[in-house]
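K.L.:
Sharing final_22.cif, mmCIF, C-alpha atoms:
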```cif
data_input
#
loop_
_atom_site.group_PDB
_atom_site.id
_atom_site.type_symbol
_atom_site.label_atom_id
_atom_site.label_comp_id
_atom_site.auth_asym_id
_atom_site.auth_seq_id
_atom_site.Cartn_x
_atom_site.Cartn_y
_atom_site.Cartn_z
ATOM 1 C CA MET A 1 22.698 19.310 14.190
ATOM 2 C CA ASN A 2 22.718 20.672 10.653
ATOM 3 C CA ASN A 3 20.906 18.934 7.810
ATOM 4 C CA VAL A 4 23.936 16.941 6.691
ATOM 5 C CA GLU A 5 24.538 15.682 10.216
ATOM 6 C CA ILE A 6 20.889 14.709 10.504
ATOM 7 C CA ALA A 7 21.040 12.814 7.211
ATOM 8 C CA LEU A 8 24.223 11.022 8.306
ATOM 9 C CA ALA A 9 22.602 10.037 11.592
ATOM 10 C CA VAL A 10 19.617 8.567 9.725
ATOM 11 C CA LEU A 11 21.885 6.641 7.346
ATOM 12 C CA SER A 12 23.955 5.371 10.254
ATOM 13 C CA ARG A 13 20.900 4.174 12.132
ATOM 14 C CA LEU A 14 19.337 2.400 9.180
ATOM 15 C CA SER A 15 22.532 0.879 7.833
ATOM 16 C CA GLU A 16 23.558 -0.071 11.381
ATOM 17 C CA ARG A 17 27.004 1.397 10.814
ATOM 18 C CA PRO A 18 28.763 4.182 12.693
ATOM 19 C CA ALA A 19 28.509 7.491 10.858
ATOM 20 C CA ALA A 20 32.291 7.760 10.755
ATOM 21 C CA GLU A 21 32.413 4.597 8.605
ATOM 22 C CA LEU A 22 30.050 5.937 5.958
ATOM 23 C CA GLN A 23 31.867 7.078 2.834
ATOM 24 C CA PRO A 24 30.381 9.368 0.167
ATOM 25 C CA GLN A 25 30.930 6.733 -2.521
ATOM 26 C CA HIS A 26 29.155 3.981 -0.602
ATOM 27 C CA GLU A 27 26.211 2.673 -2.592
ATOM 28 C CA LEU A 28 23.040 2.337 -0.590
ATOM 29 C CA VAL A 29 22.109 -1.097 -1.924
ATOM 30 C CA ALA A 30 25.451 -2.768 -2.672
ATOM 31 C CA ASP A 31 27.496 -1.403 0.240
ATOM 32 C CA LEU A 32 24.967 -0.575 2.934
ATOM 33 C CA GLY A 33 22.412 -3.320 2.248
ATOM 34 C CA ILE A 34 19.507 -0.891 1.997
ATOM 35 C CA ASP A 35 16.779 -3.044 0.441
ATOM 36 C CA SER A 36 13.211 -1.977 -0.454
ATOM 37 C CA PRO A 37 11.790 -1.854 3.087
ATOM 38 C CA LYS A 38 14.913 -0.144 4.416
ATOM 39 C CA ALA A 39 14.706 2.346 1.536
ATOM 40 C CA LEU A 40 11.129 3.152 2.515
ATOM 41 C CA GLU A 41 12.188 3.579 6.150
ATOM 42 C CA LEU A 42 15.162 5.688 5.069
ATOM 43 C CA LEU A 43 13.081 8.063 2.987
ATOM 44 C CA VAL A 44 10.379 8.349 5.659
ATOM 45 C CA ALA A 45 13.022 9.115 8.295
ATOM 46 C CA LEU A 46 14.770 11.672 6.069
ATOM 47 C CA GLU A 47 11.456 13.414 5.340
ATOM 48 C CA GLU A 48 10.491 13.509 9.004
ATOM 49 C CA GLU A 49 13.839 14.497 10.442
ATOM 50 C CA LEU A 50 14.744 16.998 7.720
ATOM 51 C CA GLY A 51 11.216 18.396 7.661
ATOM 52 C CA THR A 52 10.828 18.058 3.919
ATOM 53 C CA GLU A 53 9.175 15.938 1.239
ATOM 54 C CA ILE A 54 11.167 13.835 -1.198
ATOM 55 C CA SER A 55 9.709 13.417 -4.663
ATOM 56 C CA ASP A 56 10.018 10.178 -6.598
ATOM 57 C CA GLU A 57 12.452 11.882 -8.967
ATOM 58 C CA GLN A 58 14.660 12.937 -6.065
ATOM 59 C CA ALA A 59 14.389 9.466 -4.480
ATOM 60 C CA ALA A 60 15.385 7.813 -7.755
ATOM 61 C CA ARG A 61 18.614 9.857 -7.771
ATOM 62 C CA MET A 62 19.602 8.686 -4.278
ATOM 63 C CA GLU A 63 21.939 5.806 -5.026
ATOM 64 C CA LYS A 64 24.948 6.682 -2.895
ATOM 65 C CA VAL A 65 25.645 8.281 0.449
ATOM 66 C CA SER A 66 26.876 11.398 -1.375
ATOM 67 C CA ASP A 67 23.490 11.759 -3.141
ATOM 68 C CA ILE A 68 21.708 11.890 0.197
ATOM 69 C CA LEU A 69 24.210 14.290 1.720
ATOM 70 C CA ASP A 70 23.985 16.564 -1.341
ATOM 71 C CA PHE A 71 20.195 16.518 -1.016
ATOM 72 C CA ALA A 72 20.418 17.433 2.675
ATOM 73 C CA ARG A 73 23.017 20.133 2.000
ATOM 74 C CA ALA A 74 20.769 21.766 -0.603
ATOM 75 C CA LEU A 75 17.846 22.128 1.783
ATOM 76 C CA PRO A 76 17.198 25.540 3.263
ATOM 77 C CA VAL A 77 18.496 25.910 6.795
ATOM 78 C CA ALA A 78 15.618 25.755 9.291
ATOM 79 C CA MET B 1 -19.922 4.658 -7.158
ATOM 80 C CA ARG B 2 -21.855 5.253 -3.932
ATOM 81 C CA CYS B 3 -24.962 3.787 -5.565
ATOM 82 C CA VAL B 4 -23.051 0.722 -6.758
ATOM 83 C CA ALA B 5 -21.537 0.298 -3.298
ATOM 84 C CA ARG B 6 -24.655 0.956 -1.249
ATOM 85 C CA THR B 7 -27.111 -1.161 -3.255
ATOM 86 C CA GLN B 8 -25.039 -4.321 -3.044
ATOM 87 C CA ARG B 9 -26.440 -6.904 -0.662
ATOM 88 C CA LEU B 10 -23.037 -7.588 0.835
ATOM 89 C CA SER B 11 -22.380 -10.554 3.081
ATOM 90 C CA ILE B 12 -19.111 -11.169 4.805
ATOM 91 C CA VAL B 13 -17.294 -14.380 5.665
ATOM 92 C CA GLY B 14 -14.496 -14.188 8.193
ATOM 93 C CA GLY B 15 -15.643 -10.960 9.833
ATOM 94 C CA ASP B 16 -14.203 -12.286 13.075
ATOM 95 C CA ARG B 17 -10.770 -11.783 11.517
ATOM 96 C CA THR B 18 -11.230 -8.022 11.351
ATOM 97 C CA ALA B 19 -12.829 -8.047 14.778
ATOM 98 C CA ALA B 20 -9.737 -9.804 16.107
ATOM 99 C CA LEU B 21 -7.607 -6.930 14.826
ATOM 100 C CA GLY B 22 -9.470 -4.585 17.141
ATOM 101 C CA GLU B 23 -8.315 -1.028 16.650
ATOM 102 C CA ARG B 24 -5.093 -2.133 14.998
ATOM 103 C CA PRO B 25 -4.806 -0.993 11.381
ATOM 104 C CA ALA B 26 -4.228 -3.454 8.579
ATOM 105 C CA ILE B 27 -3.542 -3.477 4.858
ATOM 106 C CA PHE B 28 -6.565 -5.017 3.144
ATOM 107 C CA VAL B 29 -5.743 -6.231 -0.362
ATOM 108 C CA HIS B 30 -7.810 -7.506 -3.262
ATOM 109 C CA TRP B 31 -7.586 -8.096 -7.003
ATOM 110 C CA HIS B 32 -8.179 -4.968 -9.051
ATOM 111 C CA ALA B 33 -11.065 -6.545 -10.994
ATOM 112 C CA GLN B 34 -13.038 -6.684 -7.749
ATOM 113 C CA ILE B 35 -12.550 -3.019 -6.906
ATOM 114 C CA LEU B 36 -16.231 -2.053 -6.905
ATOM 115 C CA ILE B 37 -17.108 -4.816 -4.464
ATOM 116 C CA ALA B 38 -14.024 -3.847 -2.420
ATOM 117 C CA THR B 39 -15.424 -0.330 -2.248
ATOM 118 C CA ALA B 40 -18.672 -1.633 -0.748
ATOM 119 C CA PHE B 41 -16.685 -3.686 1.748
ATOM 120 C CA THR B 42 -14.550 -0.684 2.648
ATOM 121 C CA LEU B 43 -17.527 1.594 3.198
ATOM 122 C CA ARG B 44 -19.651 -0.885 5.108
ATOM 123 C CA HIS B 45 -17.174 -3.003 7.025
ATOM 124 C CA LEU B 46 -14.382 -0.524 7.693
ATOM 125 C CA LEU B 47 -15.356 3.129 7.292
ATOM 126 C CA ASP B 48 -18.842 2.797 8.771
ATOM 127 C CA ARG B 49 -17.269 1.343 11.903
ATOM 128 C CA GLY B 50 -15.301 4.517 12.467
ATOM 129 C CA ARG B 51 -12.019 3.167 11.165
ATOM 130 C CA PRO B 52 -10.032 5.691 9.056
ATOM 131 C CA VAL B 53 -9.158 4.186 5.693
ATOM 132 C CA ALA B 54 -6.579 5.265 3.140
ATOM 133 C CA VAL B 55 -6.445 4.212 -0.506
ATOM 134 C CA ILE B 56 -4.153 4.879 -3.428
ATOM 135 C CA ALA B 57 -5.282 6.357 -6.738
ATOM 136 C CA SER B 58 -3.058 6.470 -9.786
ATOM 137 C CA LEU B 59 -1.758 9.738 -11.209
ATOM 138 C CA SER B 60 -3.616 9.128 -14.486
ATOM 139 C CA ARG B 61 -6.818 10.855 -15.552
ATOM 140 C CA ASP B 62 -8.809 7.780 -14.480
ATOM 141 C CA GLY B 63 -6.998 7.920 -11.173
ATOM 142 C CA GLU B 64 -7.976 11.576 -10.750
ATOM 143 C CA LEU B 65 -11.634 10.628 -11.154
ATOM 144 C CA GLY B 66 -11.201 7.715 -8.748
ATOM 145 C CA ALA B 67 -9.444 9.975 -6.263
ATOM 146 C CA ARG B 68 -12.283 12.500 -6.260
ATOM 147 C CA VAL B 69 -14.889 9.787 -5.821
ATOM 148 C CA ALA B 70 -12.923 8.130 -3.028
ATOM 149 C CA ALA B 71 -12.449 11.440 -1.215
ATOM 150 C CA ARG B 72 -16.183 12.177 -1.395
ATOM 151 C CA LEU B 73 -16.858 8.763 0.089
ATOM 152 C CA GLY B 74 -14.740 9.733 3.096
ATOM 153 C CA LEU B 75 -11.571 7.874 2.212
ATOM 154 C CA ARG B 76 -8.076 9.315 2.580
ATOM 155 C CA VAL B 77 -6.513 9.278 -0.864
ATOM 156 C CA GLU B 78 -2.803 9.113 -1.694
ATOM 157 C CA ARG B 79 -1.815 9.531 -5.355
ATOM 158 C CA GLY B 80 0.629 7.204 -7.064
ATOM 159 C CA SER B 81 1.005 3.670 -8.341
ATOM 160 C CA SER B 82 3.596 1.010 -8.981
ATOM 161 C CA SER B 83 4.219 2.576 -12.381
ATOM 162 C CA ARG B 84 4.392 6.226 -11.386
ATOM 163 C CA GLY B 85 4.765 8.061 -8.097
ATOM 164 C CA GLY B 86 4.526 4.816 -6.163
ATOM 165 C CA ASP B 87 7.331 5.268 -3.661
ATOM 166 C CA ALA B 88 6.079 8.628 -2.440
ATOM 167 C CA ALA B 89 2.552 7.228 -2.166
ATOM 168 C CA LEU B 90 3.861 4.265 -0.136
ATOM 169 C CA ARG B 91 5.604 6.681 2.219
ATOM 170 C CA ARG B 92 2.385 8.605 2.696
ATOM 171 C CA LEU B 93 0.430 5.386 3.254
ATOM 172 C CA HIS B 94 3.028 4.419 5.852
ATOM 173 C CA ARG B 95 2.375 7.720 7.613
ATOM 174 C CA GLN B 96 -1.395 7.182 7.402
ATOM 175 C CA ILE B 97 -0.912 3.867 9.176
ATOM 176 C CA THR B 98 1.625 4.850 11.797
ATOM 177 C CA GLN B 99 0.543 8.419 12.576
ATOM 178 C CA HIS B 100 -3.209 8.292 11.982
ATOM 179 C CA GLY B 101 -3.993 4.629 12.677
ATOM 180 C CA ALA B 102 -5.595 4.311 9.243
ATOM 181 C CA SER B 103 -6.121 0.989 7.574
ATOM 182 C CA VAL B 104 -5.235 0.778 3.908
ATOM 183 C CA VAL B 105 -7.149 -0.886 1.082
ATOM 184 C CA LEU B 106 -5.095 -1.765 -2.000
ATOM 185 C CA ALA B 107 -5.698 -3.463 -5.326
ATOM 186 C CA VAL B 108 -2.405 -5.346 -5.388
ATOM 187 C CA ASP B 109 -2.290 -6.096 -9.127
ATOM 188 C CA GLY B 110 -3.195 -2.505 -10.053
ATOM 189 C CA PRO B 111 -3.098 -0.136 -11.741
ATOM 190 C CA ARG B 112 -2.589 -2.135 -14.930
ATOM 191 C CA GLY B 113 -1.624 -5.679 -14.032
ATOM 192 C CA PRO B 114 -0.441 -8.288 -14.885
ATOM 193 C CA GLU B 115 -3.791 -9.553 -13.709
ATOM 194 C CA ARG B 116 -3.758 -11.479 -10.443
ATOM 195 C CA GLN B 117 -0.066 -11.054 -9.769
ATOM 196 C CA SER B 118 0.527 -8.903 -6.717
ATOM 197 C CA LYS B 119 3.062 -6.081 -6.771
ATOM 198 C CA PRO B 120 5.543 -5.924 -3.874
ATOM 199 C CA GLY B 121 4.306 -2.652 -2.342
ATOM 200 C CA ALA B 122 1.769 -4.120 0.095
ATOM 201 C CA ILE B 123 4.270 -6.626 1.517
ATOM 202 C CA VAL B 124 6.964 -3.936 1.866
ATOM 203 C CA LEU B 125 4.485 -1.567 3.511
ATOM 204 C CA ALA B 126 3.410 -4.291 5.941
ATOM 205 C CA GLN B 127 7.021 -5.037 6.836
ATOM 206 C CA VAL B 128 7.923 -1.424 7.513
ATOM 207 C CA SER B 129 4.640 -0.432 9.196
ATOM 208 C CA GLU B 130 4.459 -3.647 11.253
ATOM 209 C CA VAL B 131 0.788 -4.276 10.426
ATOM 210 C CA PRO B 132 -0.657 -7.363 8.735
ATOM 211 C CA VAL B 133 -1.780 -7.813 5.150
ATOM 212 C CA VAL B 134 -5.361 -9.113 5.092
ATOM 213 C CA PRO B 135 -6.401 -10.713 1.774
ATOM 214 C CA LEU B 136 -9.965 -10.298 0.520
ATOM 215 C CA GLY B 137 -11.794 -12.441 -2.008
ATOM 216 C CA LEU B 138 -14.819 -10.720 -3.514
ATOM 217 C CA ALA B 139 -17.606 -11.950 -5.794
ATOM 218 C CA ALA B 140 -21.068 -10.958 -7.058
ATOM 219 C CA SER B 141 -24.133 -12.997 -7.940
ATOM 220 C CA SER B 142 -24.951 -10.781 -10.857
ATOM 221 C CA ALA B 143 -22.443 -8.548 -12.592
ATOM 222 C CA PHE B 144 -21.098 -7.558 -15.952
ATOM 223 C CA ARG B 145 -17.484 -6.993 -16.882
ATOM 224 C CA VAL B 146 -16.192 -3.836 -18.541
ATOM 225 C CA GLY B 147 -13.585 -3.955 -21.275
ATOM 226 C CA SER B 148 -10.647 -2.888 -19.076
ATOM 227 C CA TRP B 149 -7.316 -4.729 -18.751
ATOM 228 C CA ASP B 150 -8.716 -6.770 -15.877
ATOM 229 C CA ARG B 151 -12.357 -6.878 -17.041
ATOM 230 C CA THR B 152 -13.487 -5.121 -13.874
ATOM 231 C CA LEU B 153 -16.630 -6.582 -12.315
ATOM 232 C CA VAL B 154 -19.573 -4.181 -12.074
ATOM 233 C CA PRO B 155 -22.269 -5.648 -9.831
ATOM 234 C CA TRP B 156 -25.814 -4.951 -10.899
ATOM 235 C CA PRO B 157 -27.721 -2.873 -8.313
ATOM 236 C CA PHE B 158 -29.168 -5.007 -5.551
ATOM 237 C CA SER B 159 -27.066 -7.997 -6.535
ATOM 238 C CA ARG B 160 -25.723 -10.240 -3.803
ATOM 239 C CA THR B 161 -22.040 -9.757 -3.168
ATOM 240 C CA ARG B 162 -19.712 -11.521 -0.810
ATOM 241 C CA ALA B 163 -16.435 -10.662 0.835
ATOM 242 C CA ALA B 164 -14.308 -13.525 2.134
ATOM 243 C CA ILE B 165 -11.730 -12.201 4.605
ATOM 244 C CA GLY B 166 -8.543 -14.228 4.831
ATOM 245 C CA ALA B 167 -6.131 -14.850 7.656
ATOM 246 C CA PRO B 168 -3.790 -11.907 8.336
ATOM 247 C CA ILE B 169 -0.308 -12.272 6.875
ATOM 248 C CA TRP B 170 2.415 -10.768 9.035
ATOM 249 C CA VAL B 171 5.707 -9.780 7.410
ATOM 250 C CA PRO B 172 8.548 -10.124 9.912
ATOM 251 C CA LYS B 173 10.699 -7.033 10.299
ATOM 252 C CA GLN B 174 13.859 -8.884 9.230
ATOM 253 C CA SER B 175 12.340 -10.458 6.117
ATOM 254 C CA SER B 176 14.703 -10.762 3.167
ATOM 255 C CA GLU B 177 13.827 -10.251 -0.490
ATOM 256 C CA ASN B 178 13.382 -14.022 -0.832
ATOM 257 C CA ASP B 179 11.098 -14.065 2.201
ATOM 258 C CA ARG B 180 8.991 -11.301 0.676
ATOM 259 C CA ALA B 181 8.800 -13.127 -2.660
ATOM 260 C CA THR B 182 7.548 -16.242 -0.858
ATOM 261 C CA LEU B 183 4.952 -14.198 1.011
ATOM 262 C CA SER B 184 3.830 -12.582 -2.247
ATOM 263 C CA ARG B 185 3.184 -15.999 -3.753
ATOM 264 C CA GLU B 186 1.275 -17.021 -0.625
ATOM 265 C CA LEU B 187 -0.738 -13.829 -0.894
ATOM 266 C CA ASP B 188 -1.603 -14.511 -4.544
ATOM 267 C CA SER B 189 -2.745 -18.028 -3.669
ATOM 268 C CA ALA B 190 -4.807 -16.735 -0.749
ATOM 269 C CA LEU B 191 -6.492 -14.110 -2.930
ATOM 270 C CA ASP B 192 -7.431 -16.717 -5.550
ATOM 271 C CA ALA B 193 -8.710 -19.182 -2.934
ATOM 272 C CA LEU B 194 -10.743 -16.501 -1.175
ATOM 273 C CA THR B 195 -12.203 -15.378 -4.489
ATOM 274 C CA ARG B 196 -13.370 -18.942 -5.153
ATOM 275 C CA ASN B 197 -14.720 -19.084 -1.599
ATOM 276 C CA ALA B 198 -16.649 -15.847 -2.101
ATOM 277 C CA ALA B 199 -17.983 -16.960 -5.498
ATOM 278 C CA ALA B 200 -19.198 -20.242 -4.013
ATOM 279 C CA GLY B 201 -21.190 -18.281 -1.459
ATOM 280 C CA VAL B 202 -23.218 -16.216 -3.915
ATOM 281 C CA PRO B 203 -25.816 -18.122 -5.959
#
```
Would you give me this structure, written as structure tokens?
P.N.:
Amino acid sequence: MNNVEIALAVLSRLSERPAAELQPQHELVADLGIDSPKALELLVALEEELGTEISDEQAARMEKVSDILDFARALPVA
Amino acid sequence: MRCVARTQRLSIVGGDRTAALGERPAIFVHWHAQILIATAFTLRHLLDRGRPVAVIASLSRDGELGARVAARLGLRVERGSSSRGGDAALRRLHRQITQHGASVVLAVDGPRGPERQSKPGAIVLAQVSEVPVVPLGLAASSAFRVGSWDRTLVPWPFSRTRAAIGAPIWVPKQSSENDRATLSRELDSALDALTRNAAAGVP
């Protein structure tokens, strides 16, 4: 899987929605119900499965699905 | 710091509660004003028993000093706070718990208050890491208070100090924001009650 696919899989698992249903404009909190604990789990999972660290500044910019996919897309290919 | 921690004549109430946890990590929490007594507790009741312990130190200059001291005492230090760098620090604390089996010790109203009102991080961390929050009430027989936001207690050397360990608070995995708010209020009440308990036990 490439980084975007990995990120989608993580989002799907934590939002409990099939990846195919996730839209770029979906907001993590309002549309996917990602509250504080889920956000912590999400970021931990993204860091572990993408093999990277997410700074607080980067985390603060992750409000929609597209923000996470853009982040994953920008990572160097392993 | 080591001198302040090591010269306290620390007694513990509720030590069976940590014994009951066995090897399972926990998130030990206390009021920030009691941090120097919490340090003694951490060194003598947790670290000295071979339990890895992680703490958080703020990104400020004071936090840098605290971080260096904590590291020299053998603690694992993650940098951040509720006001800056907190989310990344929580993630690293989560990893300390789940990957290294470390317990965590947190001043829940830190780094700058409001005094005796816990921040949500400990409850969230407990929910995600599936370990309990264990409240601590701490007091000293003889101490002075510095002019900080919380008037931190500095026990005089060789003073009697007491740690009252409270019942573990588990945060169910499916807890809602309302559930967490209720648990936070319970935690605040427990910390105040345990502090009174500890104070009553030191003459």
K.L.:
Apply the PyMOL selection byres ((chain A and resi 29) around 10) to the displayed file and report the matching residues as a ChimeraX atom specification.
P.N.:
/A:15,26-28,30-36,38-39,63-64
K.L.:
For each of A:Ala45, A:Val65, A:Leu40, A:Leu11, take the minimum atom-to-atom distance to chain B, counting all atoms listed in the file, then give the residue where this is smallest.
P.N.:
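Comparing A:Ala45, A:Val65, A:Leu40, A:Leu11 against chain B, the winner is A:Leu40.
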K.L.:
Please expand the PyMOL selection byres ((chain A) within 7 of (chain B)) into the concrete residues it hits in this file, giving the result as a list in words.
P.N.:
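Output from the PyMOL selection byres ((chain A) within 7 of (chain B)), applied to this file: Ser36, Pro37, Leu40, Glu41, Val44, Ser55 and Asp56 of chain A.
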K.L.:
Determine the nearest neighbour of A:Arg13 from the options A:Leu42, A:Gln58, A:Ala74, A:Glu49, counting all atoms listed in the file.
P.N.:
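Closest to A:Arg13, using all atoms listed in the file: A:Leu42.
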K.L.:
In Å, how far is it from atom CA of B:Trp156 to atom CA of B:Ser142?
P.N.:
5.9 Å
K.L.:
Expanded to explicit residues, what is the PyMOL selection byres ((chain B and resi 112) around 12) for this file, as a list in words?
P.N.:
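Expected selection for the PyMOL selection byres ((chain B and resi 112) around 12) here is Trp31, His32, Ala33, Ser58, Ser60, Asp62, Gly63, Ser81, Ser82, Ser83, Arg84, Ala107, Val108, Asp109, Gly110, Pro111, Gly113, Pro114, Glu115, Arg116, Gln117, Ser118, Lys119, Ser148, Trp149, Asp150, Arg151 and Thr152 of chain B.
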K.L.:
So which residues touch stretch 10-24 of chain B within 7 Å, counting all atoms listed in the file, skipping near sequence neighbours fewer than 4 positions away, as a list in words?
P.N.:
Arg160, Thr161, Arg162, Ala163, Ala164, Ile165, Gly166 and Ala167 of chain B
K.L.:
Would you compute the distance between atom CA of A:Leu8 and atom CA of B:Gln96? Give it in Å to one decimal.
P.N.:
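A separation of 25.9 Å between them.
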K.L.:
To one decimal place, how far is atom CA of B:Val55 from atom CA of B:Ala67 in Å?
P.N.:
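Going from atom CA of B:Val55 over to atom CA of B:Ala67 covers 8.7 Å.
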K.L.:
Give me the residues within 9 Å of B:Arg196 as JSON, numbers by chain, counting all atoms listed in the file and dropping any in the same chain fewer than 6 places off.
P.N.:
{"B": [137, 138, 139]}
K.L.:
Quick one: of B:Val29, B:Ala102, B:Ile56, B:Ala5, who's nearest to B:Pro157, counting all atoms listed in the file?
P.N.:
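Selected residue with least distance to B:Pro157: B:Ala5.
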K.L.:
Rank nothing, just name the residue among A:Arg17, A:Gln25, A:Ser12, A:Asn2 nearest to A:Asp67, using only C-alpha atoms.
P.N.:
A:Gln25
K.L.:
Fewer than 3 positions away in the same chain doesn't count, so skip those; otherwise give me all residues within 6 Å of B:Ser141, counting only C-alpha atoms, as a ChimeraX atom specification.
P.N.:
/B:159-160,202-203
K.L.:
Pull C-alpha atoms from the residues just selected and write them as an mmCIF file, keeping the file's coordinate frame.
P.N.:
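File written: out06.cif
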```
data_model
loop_
_atom_site.group_PDB
_atom_site.id
_atom_site.type_symbol
_atom_site.label_atom_id
_atom_site.label_comp_id
_atom_site.auth_asym_id
_atom_site.auth_seq_id
_atom_site.Cartn_x
_atom_site.Cartn_y
_atom_site.Cartn_z
ATOM 1 C CA SER B 159 -27.066 -7.997 -6.535
ATOM 2 C CA ARG B 160 -25.723 -10.240 -3.803
ATOM 3 C CA VAL B 202 -23.218 -16.216 -3.915
ATOM 4 C CA PRO B 203 -25.816 -18.122 -5.959
#
```
K.L.:
Take every atom of stretch 114-127 of chain B listed in the file, pad by 8 Å on each side, and give me the axis-aligned box centre and edge lengths in Å, one decimal, as JSON.
P.N.:
```
{"center_x": 1.6, "center_y": -6.5, "center_z": -4.0, "size_x": 26.8, "size_y": 25.9, "size_z": 37.7}
```
